[in-house]
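Comments concern the structure below.
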Amino acid sequence: MTVARRQPRLAAGRARAQGVPTRGTTAPNRLRRVDRWLAAAAWSPLRRAADPLVVDVGFGASPVTTVEMYERLRPVRPDVRVVGLELAPERVAAAQAAARPPGLLFALGGFELAGHRPVVIRAMNVLRQYDERAVGSAWAAMAGRLSTGGMLVEGTCDEIGRRACWFTLGAGGAPATLTFSAHLPSLLRPSDLAPRLPKALIARNVPGEDVHTLLAAFDLAWERVAPRGTFGPRQRWIAAAALLRREGWPVLDGPRRWRLGEVTVAWPPGPR
């Protein structure tokens with residue numbers, strides 16, 4: 001018997017939190033790659049903001065990754081405020097022991113952001129557990145709550161944080177960039193990141209789709225610069241990213257980020 005998949009709903013309670021509870025799996029340092037990237041990418045919006053508010057959507061069964069994000073963003077803006085949101089009241093209650101008011105708080109909420117208007121939203125490993133048809137409405141709900149010049153980061157990583165992919169979206173709710181991030185010594189080829197693509201792309205990694213063409217081009221560049229592997233996987237990754245750019249792909253960052261195992265491209269990548 002086929003059971004219809006339920007669409008996102010409004011959870012009960014005064015907060016009218018939008019969404020459905022996820023599995024809640026998390027672990028220390030799981031989101032270190034996206035946090036490191038955010039500390040650089042969100043530097044200007046956070047520094048300019050009158051209210052440097054960051055919302056972490058779906059922090060999971062443990063608040064540890066929200067606490068870590070707070071610590072990693074404080075050097076950017078010492079008065080940053082981080083609010084971790086969850087739909088499960090028992091998770092919110094358990095997280096209160098980790099709160100550090102007024103800088104770090106935990107509350108009941110979902111895609112409606114509990115009424116907040118943040119500069120930055122992090123929603124990692126949340127939409128992965130939804131039907132692809134729900135992604136657009138979730139993006140719109142979250143991005144619509146961004147403050148002027150804010151950014152939404154949405155994507156997926158593996159269980160120990162070694163491989164991750166994420167979109168950035170602005171107030172319009174459409175992806176602006178796609179970032180790949182990997183622990184390079186354990187990566188055989190760039191397309192090994194495909195299982196960690198954001199939900200909107202995971203089923204589109206097929207011939208004829210932009211993401212498939214991009215990953216195939218990245219793999220080919222990786223093979224073409226194989227001799228650089230003599231100097232280690234970091235140098236090979238840097239050379240492959242540079243080759244992608246020379247071949248017309250809209251690679252937005254440079255060696256300073258590439259050496260960390262990152263590559264960010266404009267999305268959609270457009271004609272080449």
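Just remember, in the structure tokens the first chain shown is A, the second B, etc., residues are 1-based per chain, and ligands are 1-based in the order shown.
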
Check the DSSP output for the backbone and give back, as a ChimeraX atom specification, the residues of range 44-270 of chain A in strand (DSSP E or B). /A:53-57,81-86,100,104-108,120-124,151-157,163-169,175-182,251,262-266

With a distance cut-off of 10 Å and only C-alpha atoms, select the neighbouring residues of Arg259 in chain A, excluding the residue or stretch itself and same-chain residues fewer than 5 positions from it, and output the selection as a list in words.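 Answer for this query is Leu184, Pro233, Arg234, Gln235, Arg236, Trp237, Ile238, Ala239 and Gly254 of chain A.
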
I'd like the interatomic distance between CA of Ile160 in chain A and CA of Ser186 in chain A, to a tenth of an Å. 12.4 Å

Determine, counting only C-alpha atoms, which protein, DNA and RNA residues have an atom within 10 Å of an atom of Ala194 in chain A; residues of the same chain fewer than 5 positions away are not included. Present the result as an MDAnalysis selection string. chainID A and resid 163:165 180 201:203 205 211:212 215

Name all residues at most 7 Å from range 121-125 of chain A (count only C-alpha atoms; drop same-chain ones fewer than 6 positions away) and give them as a PDB file with C-alpha atoms, in the first residue's frame.
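And here's around.pdb as it stands now:
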```
ATOM      1  CA  VAL A  54      21.200  34.720  13.512  1.00  0.00           C
ATOM      2  CA  VAL A  55      18.592  31.935  13.540  1.00  0.00           C
ATOM      3  CA  ASP A  56      19.477  28.244  13.453  1.00  0.00           C
ATOM      4  CA  VAL A  57      16.499  26.242  12.177  1.00  0.00           C
ATOM      5  CA  GLY A  58      16.168  22.673  13.419  1.00  0.00           C
ATOM      6  CA  MET A 151      21.167  35.477   3.748  1.00  0.00           C
ATOM      7  CA  LEU A 152      19.734  31.993   4.139  1.00  0.00           C
ATOM      8  CA  VAL A 153      22.099  29.012   4.090  1.00  0.00           C
ATOM      9  CA  GLU A 154      20.391  25.682   3.367  1.00  0.00           C
ATOM     10  CA  GLY A 155      22.029  22.344   2.661  1.00  0.00           C
ATOM     11  CA  THR A 156      23.248  18.984   3.846  1.00  0.00           C
ATOM     12  CA  CYS A 157      26.357  17.410   5.341  1.00  0.00           C
TER      13      CYS A 157
END
```

Using backbone DSSP assignments, extract all alpha helix (DSSP H) residues from range 70-201 of chain A; output them as a list in words. Tyr70, Glu71, Arg72, Leu73, Pro89, Glu90, Arg91, Val92, Ala93, Ala94, Ala95, Val135, Gly136, Ser137, Ala138, Trp139, Ala140, Ala141, Met142, Ala143, Lys199, Ala200 and Leu201 of chain A

Those residues you just picked out, can you put them in a file as a tab-separated table (two decimals), in the first residue's frame with N, CA and C atoms?
```
chain	number	residue	atom	x	y	z
A	70	TYR	N	27.41	29.93	17.54
A	70	TYR	CA	27.48	31.15	18.35
A	70	TYR	C	28.93	31.50	18.66
A	71	GLU	N	29.72	30.51	19.08
A	71	GLU	CA	31.12	30.76	19.41
A	71	GLU	C	31.93	31.15	18.17
A	72	ARG	N	31.60	30.57	17.03
A	72	ARG	CA	32.37	30.86	15.81
A	72	ARG	C	32.01	32.20	15.19
A	73	LEU	N	30.83	32.72	15.47
A	73	LEU	CA	30.43	34.01	14.92
A	73	LEU	C	30.75	35.18	15.86
A	89	PRO	N	8.96	20.35	21.48
A	89	PRO	CA	9.10	21.05	22.76
A	89	PRO	C	10.11	20.42	23.70
A	90	GLU	N	10.22	19.09	23.69
A	90	GLU	CA	11.16	18.44	24.59
A	90	GLU	C	12.61	18.77	24.22
A	91	ARG	N	12.88	19.00	22.94
A	91	ARG	CA	14.23	19.38	22.53
A	91	ARG	C	14.54	20.82	22.97
A	92	VAL	N	13.55	21.67	22.86
A	92	VAL	CA	13.73	23.06	23.29
A	92	VAL	C	13.97	23.10	24.80
A	93	ALA	N	13.21	22.32	25.54
A	93	ALA	CA	13.37	22.30	27.00
A	93	ALA	C	14.76	21.79	27.38
A	94	ALA	N	15.22	20.74	26.71
A	94	ALA	CA	16.53	20.17	27.03
A	94	ALA	C	17.66	21.13	26.69
A	95	ALA	N	17.45	21.99	25.69
A	95	ALA	CA	18.50	22.92	25.25
A	95	ALA	C	18.69	24.10	26.19
A	135	VAL	N	10.24	22.02	-0.75
A	135	VAL	CA	11.41	22.87	-0.61
A	135	VAL	C	11.11	24.33	-0.94
A	136	GLY	N	10.45	24.58	-2.06
A	136	GLY	CA	10.19	25.96	-2.48
A	136	GLY	C	9.42	26.76	-1.44
A	137	SER	N	8.39	26.15	-0.86
A	137	SER	CA	7.59	26.88	0.14
A	137	SER	C	8.39	27.12	1.41
A	138	ALA	N	9.25	26.16	1.78
A	138	ALA	CA	10.09	26.36	2.96
A	138	ALA	C	11.09	27.48	2.72
A	139	TRP	N	11.73	27.49	1.55
A	139	TRP	CA	12.63	28.59	1.20
A	139	TRP	C	11.92	29.93	1.29
A	140	ALA	N	10.72	30.00	0.68
A	140	ALA	CA	9.99	31.26	0.65
A	140	ALA	C	9.64	31.74	2.06
A	141	ALA	N	9.22	30.81	2.91
A	141	ALA	CA	8.84	31.17	4.27
A	141	ALA	C	10.03	31.74	5.04
A	142	MET	N	11.18	31.08	4.93
A	142	MET	CA	12.36	31.54	5.67
A	142	MET	C	12.95	32.81	5.06
A	143	ALA	N	13.15	32.80	3.74
A	143	ALA	CA	13.76	33.97	3.09
A	143	ALA	C	12.90	35.21	3.24
A	199	LYS	N	18.53	19.26	-0.88
A	199	LYS	CA	17.35	18.49	-1.28
A	199	LYS	C	16.86	18.86	-2.67
A	200	ALA	N	16.93	20.12	-3.03
A	200	ALA	CA	16.43	20.56	-4.33
A	200	ALA	C	17.24	19.99	-5.49
A	201	LEU	N	18.46	19.50	-5.21
A	201	LEU	CA	19.33	19.00	-6.27
A	201	LEU	C	19.56	17.50	-6.23
```

What is the distance, in Å and to one decimal place, between CA of Tyr130 in chain A and CA of Glu86 in chain A?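 CA of Glu86 in chain A lies at a distance of 15.4 Å from CA of Tyr130 in chain A.
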
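Among the candidates A:Thr179, A:Val67, A:Pro102, A:Gly110, the residue lying nearest to Leu85 in chain A is A:Gly110 (atoms considered: only C-alpha atoms).
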
Quick one: everything within 9 Å of Leu38 in chain A, counting only C-alpha atoms, minus sequence neighbours fewer than 4 positions away in the same chain. Send it as an MDAnalysis selection string. chainID A and resid 33:34 42:43 73 120 153

From the list A:Leu220, A:Leu127, A:Ala40, A:Leu31, the nearest residue to Glu68 in chain A using only C-alpha atoms is A:Leu31
